[in-house]
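Data file: input_33.csv. Format and content: CSV, C-alpha atoms.
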chain,number,residue,atom,x,y,z
A,1,MET,CA,6.6,-16.9,12.4
A,2,VAL,CA,4.9,-14.9,15.1
A,3,PHE,CA,3.7,-12.4,12.5
A,4,PHE,CA,2.2,-15.3,10.5
A,5,ILE,CA,0.3,-16.5,13.5
A,6,LEU,CA,-1.0,-13.0,14.4
A,7,ILE,CA,-2.1,-12.1,10.9
A,8,ILE,CA,-4.0,-15.3,10.5
A,9,GLN,CA,-5.8,-14.6,13.7
A,10,VAL,CA,-6.7,-11.0,12.8
A,11,LEU,CA,-7.8,-12.0,9.3
A,12,GLY,CA,-9.8,-14.9,10.7
A,13,LEU,CA,-11.6,-12.6,13.2
A,14,LEU,CA,-12.5,-10.3,10.3
A,15,LEU,CA,-13.7,-13.1,8.0
A,16,ALA,CA,-15.8,-14.6,10.8
A,17,GLN,CA,-18.1,-11.6,10.8
A,18,THR,CA,-18.8,-12.1,7.1
A,19,LEU,CA,-19.3,-15.9,7.6
A,20,ASN,CA,-21.8,-15.1,10.4
A,21,SER,CA,-23.7,-12.7,8.1
A,22,ASN,CA,-24.0,-15.5,5.5
A,23,ASN,CA,-24.7,-18.2,8.0
A,24,VAL,CA,-21.8,-20.4,6.8
A,25,ARG,CA,-20.9,-23.3,9.1
A,26,ALA,CA,-18.8,-26.5,8.8
A,27,PHE,CA,-21.0,-28.2,11.4
A,28,SER,CA,-24.7,-27.9,11.7
A,29,ASN,CA,-24.6,-28.0,15.5
A,30,PRO,CA,-21.6,-26.0,16.8
A,31,GLN,CA,-22.3,-27.1,20.4
A,32,SER,CA,-22.0,-30.8,19.8
A,33,VAL,CA,-19.0,-32.4,21.6
A,34,LEU,CA,-19.0,-35.1,18.9
A,35,ASN,CA,-17.6,-32.6,16.4
A,36,PRO,CA,-14.0,-32.8,17.7
A,37,ILE,CA,-14.2,-36.6,17.4
A,38,TYR,CA,-15.3,-36.3,13.7
A,39,TYR,CA,-12.6,-33.7,13.1
A,40,LEU,CA,-9.8,-35.8,14.6
A,41,THR,CA,-10.9,-38.9,12.8
A,42,LEU,CA,-10.9,-37.1,9.5
A,43,ILE,CA,-7.4,-35.7,10.2
A,44,ILE,CA,-6.0,-39.2,11.1
A,45,ALA,CA,-7.6,-40.8,8.1
A,46,PHE,CA,-6.3,-38.1,5.7
A,47,THR,CA,-2.8,-38.3,7.2
A,48,LEU,CA,-2.7,-42.1,6.8
A,49,PHE,CA,-3.9,-41.7,3.2
A,50,LEU,CA,-1.1,-39.2,2.4
A,51,LEU,CA,1.5,-41.4,4.0
A,52,ALA,CA,0.4,-44.3,1.9
A,53,ILE,CA,0.7,-42.1,-1.2
A,54,ILE,CA,4.2,-41.1,-0.2
A,55,LYS,CA,5.2,-44.7,0.6
A,56,PHE,CA,4.1,-46.0,-2.8
A,57,GLY,CA,6.0,-43.1,-4.6
A,58,LYS,CA,3.0,-41.2,-5.9
A,59,PRO,CA,3.7,-37.6,-4.9
A,60,TRP,CA,1.8,-36.2,-7.9
A,61,MET,CA,-1.4,-37.5,-6.2
A,62,ILE,CA,-0.6,-35.3,-3.2
A,63,LYS,CA,-0.2,-32.3,-5.5
A,64,VAL,CA,-3.5,-33.0,-7.1
A,65,ILE,CA,-5.3,-33.4,-3.8
A,66,MET,CA,-3.7,-30.4,-2.2
A,67,GLY,CA,-4.3,-28.4,-5.3
A,68,ILE,CA,-8.0,-29.1,-5.3
A,69,VAL,CA,-8.3,-28.2,-1.6
A,70,LEU,CA,-6.2,-25.1,-2.2
A,71,ILE,CA,-8.4,-23.9,-5.1
A,72,PHE,CA,-11.6,-24.2,-3.1
A,73,THR,CA,-10.1,-22.6,0.0
A,74,LEU,CA,-8.6,-19.7,-1.9
A,75,TYR,CA,-11.9,-19.1,-3.8
A,76,PHE,CA,-13.8,-19.2,-0.5
A,77,VAL,CA,-11.5,-16.7,1.2
A,78,TYR,CA,-11.5,-14.3,-1.8
A,79,GLU,CA,-15.3,-14.4,-2.3
A,80,THR,CA,-16.0,-14.0,1.4
A,81,ALA,CA,-13.7,-11.0,1.6
A,82,LEU,CA,-15.2,-9.3,-1.5
A,83,PHE,CA,-18.8,-10.3,-1.1
A,84,SER,CA,-19.9,-7.3,0.9
A,85,PHE,CA,-18.1,-4.8,-1.2
A,86,ILE,CA,-18.2,-5.8,-4.9
A,87,ASN,CA,-20.9,-6.9,-7.2
A,88,TYR,CA,-20.2,-10.2,-9.0
A,89,ALA,CA,-17.5,-10.9,-6.4
A,90,TRP,CA,-17.4,-14.5,-7.6
A,91,ILE,CA,-15.8,-13.5,-10.9
A,92,ILE,CA,-13.0,-11.5,-9.3
A,93,ALA,CA,-12.6,-14.3,-6.7
A,94,LEU,CA,-12.2,-16.9,-9.5
A,95,ALA,CA,-9.7,-14.7,-11.3
A,96,LEU,CA,-7.6,-14.2,-8.2
A,97,THR,CA,-7.7,-17.9,-7.4
A,98,VAL,CA,-6.4,-18.8,-10.9
A,99,GLY,CA,-3.7,-16.1,-10.6
A,100,THR,CA,-2.6,-17.3,-7.2
A,101,MET,CA,-2.4,-21.0,-8.4
A,102,PHE,CA,-0.4,-20.0,-11.4
A,103,THR,CA,2.0,-18.0,-9.2
A,104,ILE,CA,2.5,-20.9,-6.8
A,105,PHE,CA,3.2,-23.4,-9.5
A,106,TYR,CA,5.6,-21.3,-11.6
A,107,TYR,CA,7.2,-19.2,-8.8
A,108,PRO,CA,7.3,-21.2,-5.6
A,109,GLU,CA,9.4,-18.8,-3.6
A,110,TRP,CA,9.1,-18.6,0.2
A,111,PHE,CA,7.2,-15.3,0.3
A,112,VAL,CA,4.7,-16.6,-2.2
A,113,ILE,CA,4.1,-19.8,-0.3
A,114,ASP,CA,3.8,-17.8,3.0
A,115,SER,CA,1.4,-15.3,1.6
A,116,VAL,CA,-0.9,-18.0,0.3
A,117,GLY,CA,-0.5,-19.9,3.5
A,118,ILE,CA,-1.8,-16.9,5.4
A,119,LEU,CA,-4.9,-16.7,3.2
A,120,VAL,CA,-5.6,-20.4,3.5
A,121,GLY,CA,-5.0,-20.3,7.2
A,122,ALA,CA,-7.3,-17.4,7.7
A,123,GLY,CA,-10.0,-19.0,5.8
A,124,ALA,CA,-9.6,-22.3,7.7
A,125,VAL,CA,-9.5,-20.7,11.2
A,126,ALA,CA,-12.5,-18.6,10.4
A,127,ILE,CA,-14.7,-21.4,9.2
A,128,PHE,CA,-13.9,-23.7,12.1
A,129,GLY,CA,-14.0,-20.9,14.6
A,130,VAL,CA,-17.6,-20.1,13.8
A,131,SER,CA,-18.5,-23.8,13.4
A,132,LEU,CA,-17.3,-25.0,16.8
A,133,SER,CA,-18.3,-23.4,20.1
A,134,VAL,CA,-15.8,-23.0,22.9
A,135,VAL,CA,-16.2,-26.3,24.7
A,136,PRO,CA,-15.9,-28.5,21.5
A,137,VAL,CA,-12.8,-26.4,20.6
A,138,LEU,CA,-11.2,-27.0,24.0
A,139,ILE,CA,-11.8,-30.7,23.6
A,140,LEU,CA,-10.4,-30.6,20.0
A,141,LEU,CA,-7.2,-28.7,21.1
A,142,ILE,CA,-6.5,-31.3,23.9
A,143,LEU,CA,-7.0,-34.2,21.5
A,144,LEU,CA,-4.9,-32.7,18.8
A,145,ALA,CA,-2.1,-31.8,21.3
A,146,VAL,CA,-1.9,-35.5,22.4
A,147,TYR,CA,-2.1,-36.7,18.8
A,148,ASP,CA,0.7,-34.3,17.7
A,149,PHE,CA,2.9,-35.4,20.5
A,150,ILE,CA,2.5,-39.1,19.6
A,151,SER,CA,2.9,-38.5,15.9
A,152,VAL,CA,6.1,-36.6,16.3
A,153,TYR,CA,7.9,-38.3,19.2
A,154,GLU,CA,6.5,-41.8,19.2
A,155,THR,CA,5.3,-43.0,15.8
A,156,LYS,CA,7.2,-40.1,14.0
A,157,HIS,CA,4.8,-40.4,11.1
A,158,MET,CA,4.2,-36.6,11.1
A,159,ILE,CA,7.9,-36.1,10.5
A,160,ARG,CA,7.7,-38.4,7.5
A,161,LEU,CA,4.7,-36.5,6.2
A,162,ALA,CA,6.6,-33.2,6.5
A,163,GLU,CA,9.5,-34.7,4.6
A,164,GLY,CA,7.2,-35.9,1.9
A,165,VAL,CA,5.3,-32.6,1.2
A,166,ILE,CA,8.1,-30.0,2.0
A,167,ASP,CA,9.1,-29.8,-1.7
A,168,LEU,CA,5.7,-30.1,-3.4
A,169,LYS,CA,5.2,-26.3,-3.8
A,170,VAL,CA,2.0,-26.3,-1.7
A,171,PRO,CA,1.4,-23.9,1.1
A,172,VAL,CA,1.1,-26.4,4.0
A,173,LEU,CA,4.3,-25.1,5.6
A,174,PHE,CA,5.5,-21.6,6.4
A,175,VAL,CA,9.0,-20.9,5.3
A,176,LEU,CA,11.3,-18.4,7.0
A,177,PRO,CA,14.8,-18.0,5.4
A,178,ARG,CA,17.9,-18.0,7.5
A,179,SER,CA,19.5,-15.4,5.1
A,180,ARG,CA,18.3,-12.8,2.6
A,181,GLN,CA,19.8,-14.8,-0.3
A,182,TYR,CA,17.7,-17.9,0.3
A,183,SER,CA,15.6,-19.1,-2.6
A,184,HIS,CA,13.0,-21.7,-1.8
A,185,ALA,CA,12.6,-22.7,-5.4
A,186,LYS,CA,16.4,-23.3,-5.7
A,187,TRP,CA,16.3,-25.2,-2.4
A,188,ILE,CA,13.6,-27.5,-3.8
A,189,ARG,CA,15.8,-28.3,-6.9
A,190,ASP,CA,19.0,-28.7,-4.9
A,191,SER,CA,17.5,-31.0,-2.2
A,192,SER,CA,15.5,-33.2,-4.6
A,193,ALA,CA,18.1,-36.0,-4.3
A,194,LEU,CA,18.1,-35.9,-0.5
A,195,LYS,CA,15.9,-38.2,1.6
A,196,GLY,CA,14.3,-38.3,5.0
A,197,GLU,CA,15.7,-36.2,7.9
A,198,GLU,CA,18.8,-35.4,5.8
A,199,LYS,CA,16.6,-33.1,3.8
A,200,LEU,CA,15.4,-31.3,6.9
A,201,GLU,CA,18.9,-31.1,8.4
A,202,LYS,CA,20.3,-29.4,5.3
A,203,ARG,CA,17.6,-26.8,5.1
A,204,GLU,CA,18.5,-23.2,4.9
A,205,ALA,CA,15.2,-22.0,6.4
A,206,TYR,CA,12.9,-22.5,9.3
A,207,PHE,CA,9.7,-24.4,8.7
A,208,MET,CA,6.4,-24.4,10.6
A,209,GLY,CA,3.3,-26.4,9.7
A,210,LEU,CA,0.2,-24.4,8.8
A,211,GLY,CA,-1.7,-26.4,11.3
A,212,ASP,CA,0.5,-25.0,14.1
A,213,ALA,CA,-0.9,-21.6,13.4
A,214,VAL,CA,-4.5,-22.6,12.5
A,215,ILE,CA,-5.5,-25.1,15.1
A,216,PRO,CA,-4.7,-23.2,18.4
A,217,SER,CA,-6.1,-20.0,16.7
A,218,THR,CA,-9.4,-21.7,16.3
A,219,LEU,CA,-10.0,-21.0,20.0
A,220,VAL,CA,-9.4,-17.3,19.4
A,221,ILE,CA,-12.1,-17.1,16.8
A,222,SER,CA,-14.5,-19.3,18.7
A,223,ALA,CA,-14.1,-17.4,21.9
A,224,ASN,CA,-14.6,-14.1,20.2
A,225,PHE,CA,-17.6,-15.3,18.2
A,226,PHE,CA,-19.6,-17.3,20.8
A,227,LEU,CA,-18.8,-15.5,24.1
A,228,THR,CA,-20.3,-12.2,25.2
A,229,ALA,CA,-17.5,-10.5,27.1
A,230,PRO,CA,-15.8,-7.1,27.5
A,231,SER,CA,-13.7,-6.3,24.5
A,232,ILE,CA,-10.6,-4.4,23.5
A,233,GLY,CA,-11.2,-3.2,20.0
A,234,PHE,CA,-12.9,-6.0,18.1
A,235,VAL,CA,-11.4,-8.8,20.3
A,236,ASN,CA,-13.0,-9.8,23.6
A,237,ILE,CA,-10.8,-10.5,26.6
A,238,PRO,CA,-11.0,-14.4,26.6
A,239,ALA,CA,-10.0,-14.4,22.9
A,240,LEU,CA,-7.2,-11.9,23.6
A,241,GLY,CA,-6.0,-14.2,26.5
A,242,ALA,CA,-5.9,-17.1,24.0
A,243,MET,CA,-3.9,-15.0,21.6
A,244,ILE,CA,-1.3,-14.1,24.2
A,245,GLY,CA,-1.2,-17.7,25.5
A,246,ILE,CA,-0.4,-18.9,21.9
A,247,LEU,CA,2.5,-16.4,21.7
A,248,VAL,CA,3.9,-17.6,25.1
A,249,GLY,CA,3.5,-21.2,23.9
A,250,TYR,CA,5.3,-20.3,20.7
A,251,ALA,CA,8.2,-18.7,22.6
A,252,SER,CA,8.6,-21.9,24.6
A,253,LEU,CA,8.5,-23.9,21.4
A,254,MET,CA,11.3,-21.9,19.9
A,255,ILE,CA,13.5,-22.8,22.8
A,256,LEU,CA,13.2,-26.4,21.8
A,257,VAL,CA,13.4,-25.8,18.1
A,258,SER,CA,16.7,-23.9,18.6
A,259,LYS,CA,18.2,-27.4,19.4
A,260,GLY,CA,17.8,-28.3,15.7
A,261,LYS,CA,15.4,-31.2,15.9
A,262,PRO,CA,11.8,-31.4,14.7
A,263,GLN,CA,9.4,-30.6,17.5
A,264,ALA,CA,5.7,-31.1,18.0
A,265,GLY,CA,4.1,-27.6,18.1
A,266,LEU,CA,0.6,-28.3,19.2
A,267,PRO,CA,1.3,-29.5,22.8
A,268,LEU,CA,2.8,-26.1,23.7
A,269,LEU,CA,0.7,-23.9,21.4
A,270,ASN,CA,-2.6,-25.5,22.4
A,271,THR,CA,-1.7,-25.5,26.0
A,272,GLY,CA,-0.8,-21.8,25.8
A,273,ALA,CA,-4.0,-21.0,24.0
A,274,ILE,CA,-6.1,-22.9,26.6
A,275,ILE,CA,-4.4,-21.4,29.7
A,276,GLY,CA,-4.5,-17.9,28.2
A,277,PHE,CA,-8.2,-18.4,27.4
A,278,PHE,CA,-9.1,-19.4,30.9
A,279,ILE,CA,-7.1,-16.5,32.4
A,280,GLY,CA,-8.9,-14.1,30.0
A,281,SER,CA,-12.2,-15.6,30.9
A,282,THR,CA,-11.5,-15.2,34.6
A,283,ILE,CA,-10.6,-11.6,34.1
A,284,ALA,CA,-13.8,-11.1,32.1
A,285,GLY,CA,-15.9,-12.8,34.8
A,286,ILE,CA,-17.1,-15.7,32.5
A,287,LYS,CA,-17.8,-19.1,33.9
A,288,LEU,CA,-17.9,-21.9,31.3
A,289,PHE,CA,-18.8,-24.8,33.6
Structure encoded using structure tokens:
Amino acid sequence: MVFFILIIQVLGLLLAQTLNSNNVRAFSNPQSVLNPIYYLTLIIAFTLFLLAIIKFGKPWMIKVIMGIVLIFTLYFVYETALFSFINYAWIIALALTVGTMFTIFYYPEWFVIDSVGILVGAGAVAIFGVSLSVVPVLILLILLAVYDFISVYETKHMIRLAEGVIDLKVPVLFVLPRSRQYSHAKWIRDSSALKGEEKLEKREAYFMGLGDAVIPSTLVISANFFLTAPSIGFVNIPALGAMIGILVGYASLMILVSKGKPQAGLPLLNTGAIIGFFIGSTIAGIKLF
């Protein structure tokens, strides 16, 4: 799982350079502190919409919606990665997108889902990292940490959402097998009759939401993109501090996960990212406020 987080961060940092060259942004004003409010509102609305679909027994609608989002995201990542190197990159990007979707649908093994999740995560973290400056990202991480805590421990609707999408063959979760013999496709078939937490309790693999890797890593991309600071390689010190903080937060999260119950990831991951970022900024001599 640590590798998944790190590779998303590294690929996101690399993709951010290409996005900058092509002036690609999700928000027209990266400095606006209203952007995190819009982002959180969209997340809550989309979550409620998915829960309503699950409640009324229409999982195929989730597959369609997630499929459309996945197609556009994969195409965006492929084209962005190939644009600077190959003529007619859009043709190759389209072919790769079709091939990837075909593979996910007909062969939903854990390593296929994880590989696609990495690509989707890298694209998402890159676009939001270059679209939100550091202060809006800090606000967003605090708001989402609070929201994740409430949605997992209080209302528990995020657990219900995970239970509803875990067997839909879409890369919104990372899957890490407990044994080499594990087959995610077989697990989906065998657990189809199980419901609720019983499905999670009988799992033969560890699961981590894609958002747990993407959301805190947005600070890494934003810090590296918007701040002028001493660097180590292609990562500046504040961004590197955020990366280390996320790993420390993840280690703390694993202590709780080892107890066998679903845990909210963002409170620890986002807190680690923020603390690590401020330590890195202090070392680099940067004052944000």
How close does each residue of range 200-236 of chain A get to range 282-287 of chain A, giving the shortest atom pair and distance in Å to one decimal for every residue with an atom at most 10 Å away, counting only C-alpha atoms, sorted by chain and residue number, as a Markdown table?
| residue | atom | partner | partner_atom | distance |
| --- | --- | --- | --- | --- |
| A:Leu227 | CA | A:Ile286 | CA | 8.6 |
| A:Thr228 | CA | A:Ile286 | CA | 8.7 |
| A:Ala229 | CA | A:Ala284 | CA | 6.2 |
| A:Pro230 | CA | A:Ala284 | CA | 6.4 |
| A:Ser231 | CA | A:Ala284 | CA | 9.0 |
| A:Asn236 | CA | A:Ala284 | CA | 8.6 |
Exercise. Distance CA of Ile118 in chain A-CA of Ser281 in chain A, one decimal place?
Worked result: 27.6 Å
Exercise. How many Å lie between CA of Glu204 in chain A and CA of Val2 in chain A, rounded to one decimal?
Worked result: 18.9 Å
For this session: Find the residue from A:Gln17, A:Ser222, A:Asn270, A:Thr80 that sits nearest to Gly123 in chain A; use all atoms listed in the file when measuring.
Result: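 For Gly123 in chain A, the nearest of the candidates is A:Thr80.
Ranking A:Ser252, A:Gln263, A:Thr97, A:Ser133 by their shortest atom-to-atom distance to Leu74 in chain A, with all atoms listed in the file included, puts A:Thr97 first.
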Seminar exercise, completed: Of A:Phe111, A:Phe56, A:Phe72, A:Phe4, the one sitting nearest Val98 in chain A when using only C-alpha atoms is A:Phe72
For this session: Would you mind reading off the distance between CA of Tyr206 in chain A and CA of Phe174 in chain A, one decimal, in Å?
Result: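 Pair CA of Tyr206 in chain A / CA of Phe174 in chain A returns 8.0 Å.
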Exercise. What lies within 8 Å of Ile5 in chain A using only C-alpha atoms, ignoring chain neighbours under 6 positions off, as a ChimeraX atom specification?
Worked result: /A:213-214,217
Exercise. Skipping near chain neighbours, those fewer than 4 positions away, what residues fall within 6 Å of Gly241 in chain A using only C-alpha atoms, listed as a list in words?
Worked result: Gly276, Phe277 and Gly280 of chain A
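Proximity ranking of A:Ile237, A:Leu269, A:Leu82, A:Leu141 relative to Gly249 in chain A places A:Leu269 first, based on all atoms listed in the file.
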Problem set entry | Pro267 in chain A surroundings by all atoms listed in the file, 12 Å radius, close-in-sequence under 2 positions cut, as a count of residues only | 30
Kindly add N, CA and C atoms to the incomplete range 14-50 of chain A and provide the output as a PDB file, in the frame of the given file.
ATOM      1  N   LEU A  14     -11.796 -11.127  11.256  1.00  0.00           N
ATOM      2  CA  LEU A  14     -12.500 -10.300  10.300  1.00  0.00           C
ATOM      3  C   LEU A  14     -13.420 -11.117   9.394  1.00  0.00           C
ATOM      4  N   LEU A  15     -12.891 -12.231   8.899  1.00  0.00           N
ATOM      5  CA  LEU A  15     -13.700 -13.100   8.000  1.00  0.00           C
ATOM      6  C   LEU A  15     -14.857 -13.727   8.755  1.00  0.00           C
ATOM      7  N   ALA A  16     -14.691 -13.969  10.048  1.00  0.00           N
ATOM      8  CA  ALA A  16     -15.800 -14.600  10.800  1.00  0.00           C
ATOM      9  C   ALA A  16     -17.032 -13.784  10.812  1.00  0.00           C
ATOM     10  N   GLN A  17     -16.894 -12.464  10.794  1.00  0.00           N
ATOM     11  CA  GLN A  17     -18.100 -11.600  10.800  1.00  0.00           C
ATOM     12  C   GLN A  17     -18.880 -11.806   9.491  1.00  0.00           C
ATOM     13  N   THR A  18     -18.172 -11.909   8.360  1.00  0.00           N
ATOM     14  CA  THR A  18     -18.800 -12.100   7.100  1.00  0.00           C
ATOM     15  C   THR A  18     -19.479 -13.509   7.031  1.00  0.00           C
ATOM     16  N   LEU A  19     -18.780 -14.511   7.555  1.00  0.00           N
ATOM     17  CA  LEU A  19     -19.300 -15.900   7.600  1.00  0.00           C
ATOM     18  C   LEU A  19     -20.608 -15.910   8.405  1.00  0.00           C
ATOM     19  N   ASN A  20     -20.622 -15.188   9.514  1.00  0.00           N
ATOM     20  CA  ASN A  20     -21.800 -15.100  10.400  1.00  0.00           C
ATOM     21  C   ASN A  20     -22.974 -14.489   9.612  1.00  0.00           C
ATOM     22  N   SER A  21     -22.680 -13.434   8.872  1.00  0.00           N
ATOM     23  CA  SER A  21     -23.700 -12.700   8.100  1.00  0.00           C
ATOM     24  C   SER A  21     -24.352 -13.655   7.066  1.00  0.00           C
ATOM     25  N   ASN A  22     -23.559 -14.559   6.513  1.00  0.00           N
ATOM     26  CA  ASN A  22     -24.000 -15.500   5.500  1.00  0.00           C
ATOM     27  C   ASN A  22     -24.398 -16.840   5.985  1.00  0.00           C
ATOM     28  N   ASN A  23     -24.349 -17.002   7.337  1.00  0.00           N
ATOM     29  CA  ASN A  23     -24.700 -18.200   8.000  1.00  0.00           C
ATOM     30  C   ASN A  23     -23.967 -19.453   7.453  1.00  0.00           C
ATOM     31  N   VAL A  24     -22.650 -19.287   7.318  1.00  0.00           N
ATOM     32  CA  VAL A  24     -21.800 -20.400   6.800  1.00  0.00           C
ATOM     33  C   VAL A  24     -21.248 -21.145   8.017  1.00  0.00           C
ATOM     34  N   ARG A  25     -21.412 -22.466   7.995  1.00  0.00           N
ATOM     35  CA  ARG A  25     -20.900 -23.300   9.100  1.00  0.00           C
ATOM     36  C   ARG A  25     -20.353 -24.615   8.487  1.00  0.00           C
ATOM     37  N   ALA A  26     -19.339 -25.172   9.148  1.00  0.00           N
ATOM     38  CA  ALA A  26     -18.800 -26.500   8.800  1.00  0.00           C
ATOM     39  C   ALA A  26     -19.608 -27.593   9.449  1.00  0.00           C
ATOM     40  N   PHE A  27     -20.178 -27.292  10.633  1.00  0.00           N
ATOM     41  CA  PHE A  27     -21.000 -28.200  11.400  1.00  0.00           C
ATOM     42  C   PHE A  27     -22.351 -27.624  11.653  1.00  0.00           C
ATOM     43  N   SER A  28     -23.391 -28.414  11.523  1.00  0.00           N
ATOM     44  CA  SER A  28     -24.700 -27.900  11.700  1.00  0.00           C
ATOM     45  C   SER A  28     -25.018 -27.530  13.164  1.00  0.00           C
ATOM     46  N   ASN A  29     -24.370 -28.246  14.095  1.00  0.00           N
ATOM     47  CA  ASN A  29     -24.600 -28.000  15.500  1.00  0.00           C
ATOM     48  C   ASN A  29     -23.215 -27.627  16.157  1.00  0.00           C
ATOM     49  N   PRO A  30     -22.889 -26.342  16.296  1.00  0.00           N
ATOM     50  CA  PRO A  30     -21.600 -26.000  16.800  1.00  0.00           C
ATOM     51  C   PRO A  30     -21.356 -26.390  18.288  1.00  0.00           C
ATOM     52  N   GLN A  31     -22.437 -26.715  19.011  1.00  0.00           N
ATOM     53  CA  GLN A  31     -22.300 -27.100  20.400  1.00  0.00           C
ATOM     54  C   GLN A  31     -21.990 -28.531  20.653  1.00  0.00           C
ATOM     55  N   SER A  32     -22.117 -29.366  19.645  1.00  0.00           N
ATOM     56  CA  SER A  32     -22.000 -30.800  19.800  1.00  0.00           C
ATOM     57  C   SER A  32     -20.513 -31.166  20.171  1.00  0.00           C
ATOM     58  N   VAL A  33     -20.343 -31.940  21.238  1.00  0.00           N
ATOM     59  CA  VAL A  33     -19.000 -32.400  21.600  1.00  0.00           C
ATOM     60  C   VAL A  33     -18.522 -33.545  20.773  1.00  0.00           C
ATOM     61  N   LEU A  34     -19.384 -34.028  19.869  1.00  0.00           N
ATOM     62  CA  LEU A  34     -19.000 -35.100  18.900  1.00  0.00           C
ATOM     63  C   LEU A  34     -18.180 -34.498  17.758  1.00  0.00           C
ATOM     64  N   ASN A  35     -18.335 -33.207  17.517  1.00  0.00           N
ATOM     65  CA  ASN A  35     -17.600 -32.600  16.400  1.00  0.00           C
ATOM     66  C   ASN A  35     -16.117 -32.743  16.461  1.00  0.00           C
ATOM     67  N   PRO A  36     -15.493 -32.552  17.639  1.00  0.00           N
ATOM     68  CA  PRO A  36     -14.000 -32.800  17.700  1.00  0.00           C
ATOM     69  C   PRO A  36     -13.632 -34.200  17.357  1.00  0.00           C
ATOM     70  N   ILE A  37     -14.486 -35.184  17.700  1.00  0.00           N
ATOM     71  CA  ILE A  37     -14.200 -36.600  17.400  1.00  0.00           C
ATOM     72  C   ILE A  37     -14.208 -36.770  15.854  1.00  0.00           C
ATOM     73  N   TYR A  38     -15.226 -36.197  15.206  1.00  0.00           N
ATOM     74  CA  TYR A  38     -15.300 -36.300  13.700  1.00  0.00           C
ATOM     75  C   TYR A  38     -14.084 -35.625  13.111  1.00  0.00           C
ATOM     76  N   TYR A  39     -13.717 -34.462  13.641  1.00  0.00           N
ATOM     77  CA  TYR A  39     -12.600 -33.700  13.100  1.00  0.00           C
ATOM     78  C   TYR A  39     -11.294 -34.478  13.222  1.00  0.00           C
ATOM     79  N   LEU A  40     -11.027 -35.037  14.416  1.00  0.00           N
ATOM     80  CA  LEU A  40      -9.800 -35.800  14.600  1.00  0.00           C
ATOM     81  C   LEU A  40      -9.760 -37.049  13.784  1.00  0.00           C
ATOM     82  N   THR A  41     -10.876 -37.734  13.671  1.00  0.00           N
ATOM     83  CA  THR A  41     -10.900 -38.900  12.800  1.00  0.00           C
ATOM     84  C   THR A  41     -10.615 -38.605  11.390  1.00  0.00           C
ATOM     85  N   LEU A  42     -11.137 -37.485  10.906  1.00  0.00           N
ATOM     86  CA  LEU A  42     -10.900 -37.100   9.500  1.00  0.00           C
ATOM     87  C   LEU A  42      -9.394 -36.749   9.340  1.00  0.00           C
ATOM     88  N   ILE A  43      -8.776 -36.071  10.317  1.00  0.00           N
ATOM     89  CA  ILE A  43      -7.400 -35.700  10.200  1.00  0.00           C
ATOM     90  C   ILE A  43      -6.492 -36.987  10.182  1.00  0.00           C
ATOM     91  N   ILE A  44      -6.768 -37.941  11.067  1.00  0.00           N
ATOM     92  CA  ILE A  44      -6.000 -39.200  11.100  1.00  0.00           C
ATOM     93  C   ILE A  44      -6.138 -39.948   9.805  1.00  0.00           C
ATOM     94  N   ALA A  45      -7.376 -40.067   9.309  1.00  0.00           N
ATOM     95  CA  ALA A  45      -7.600 -40.800   8.100  1.00  0.00           C
ATOM     96  C   ALA A  45      -6.898 -40.144   6.900  1.00  0.00           C
ATOM     97  N   PHE A  46      -6.961 -38.821   6.820  1.00  0.00           N
ATOM     98  CA  PHE A  46      -6.300 -38.100   5.700  1.00  0.00           C
ATOM     99  C   PHE A  46      -4.800 -38.222   5.810  1.00  0.00           C
ATOM    100  N   THR A  47      -4.261 -38.166   7.036  1.00  0.00           N
ATOM    101  CA  THR A  47      -2.800 -38.300   7.200  1.00  0.00           C
ATOM    102  C   THR A  47      -2.341 -39.685   6.777  1.00  0.00           C
ATOM    103  N   LEU A  48      -3.053 -40.730   7.166  1.00  0.00           N
ATOM    104  CA  LEU A  48      -2.700 -42.100   6.800  1.00  0.00           C
ATOM    105  C   LEU A  48      -2.759 -42.246   5.239  1.00  0.00           C
ATOM    106  N   PHE A  49      -3.748 -41.603   4.644  1.00  0.00           N
ATOM    107  CA  PHE A  49      -3.900 -41.700   3.200  1.00  0.00           C
ATOM    108  C   PHE A  49      -2.690 -41.010   2.504  1.00  0.00           C
ATOM    109  N   LEU A  50      -2.268 -39.838   3.006  1.00  0.00           N
ATOM    110  CA  LEU A  50      -1.100 -39.200   2.400  1.00  0.00           C
ATOM    111  C   LEU A  50       0.166 -39.959   2.612  1.00  0.00           C
TER     112      LEU A  50
END
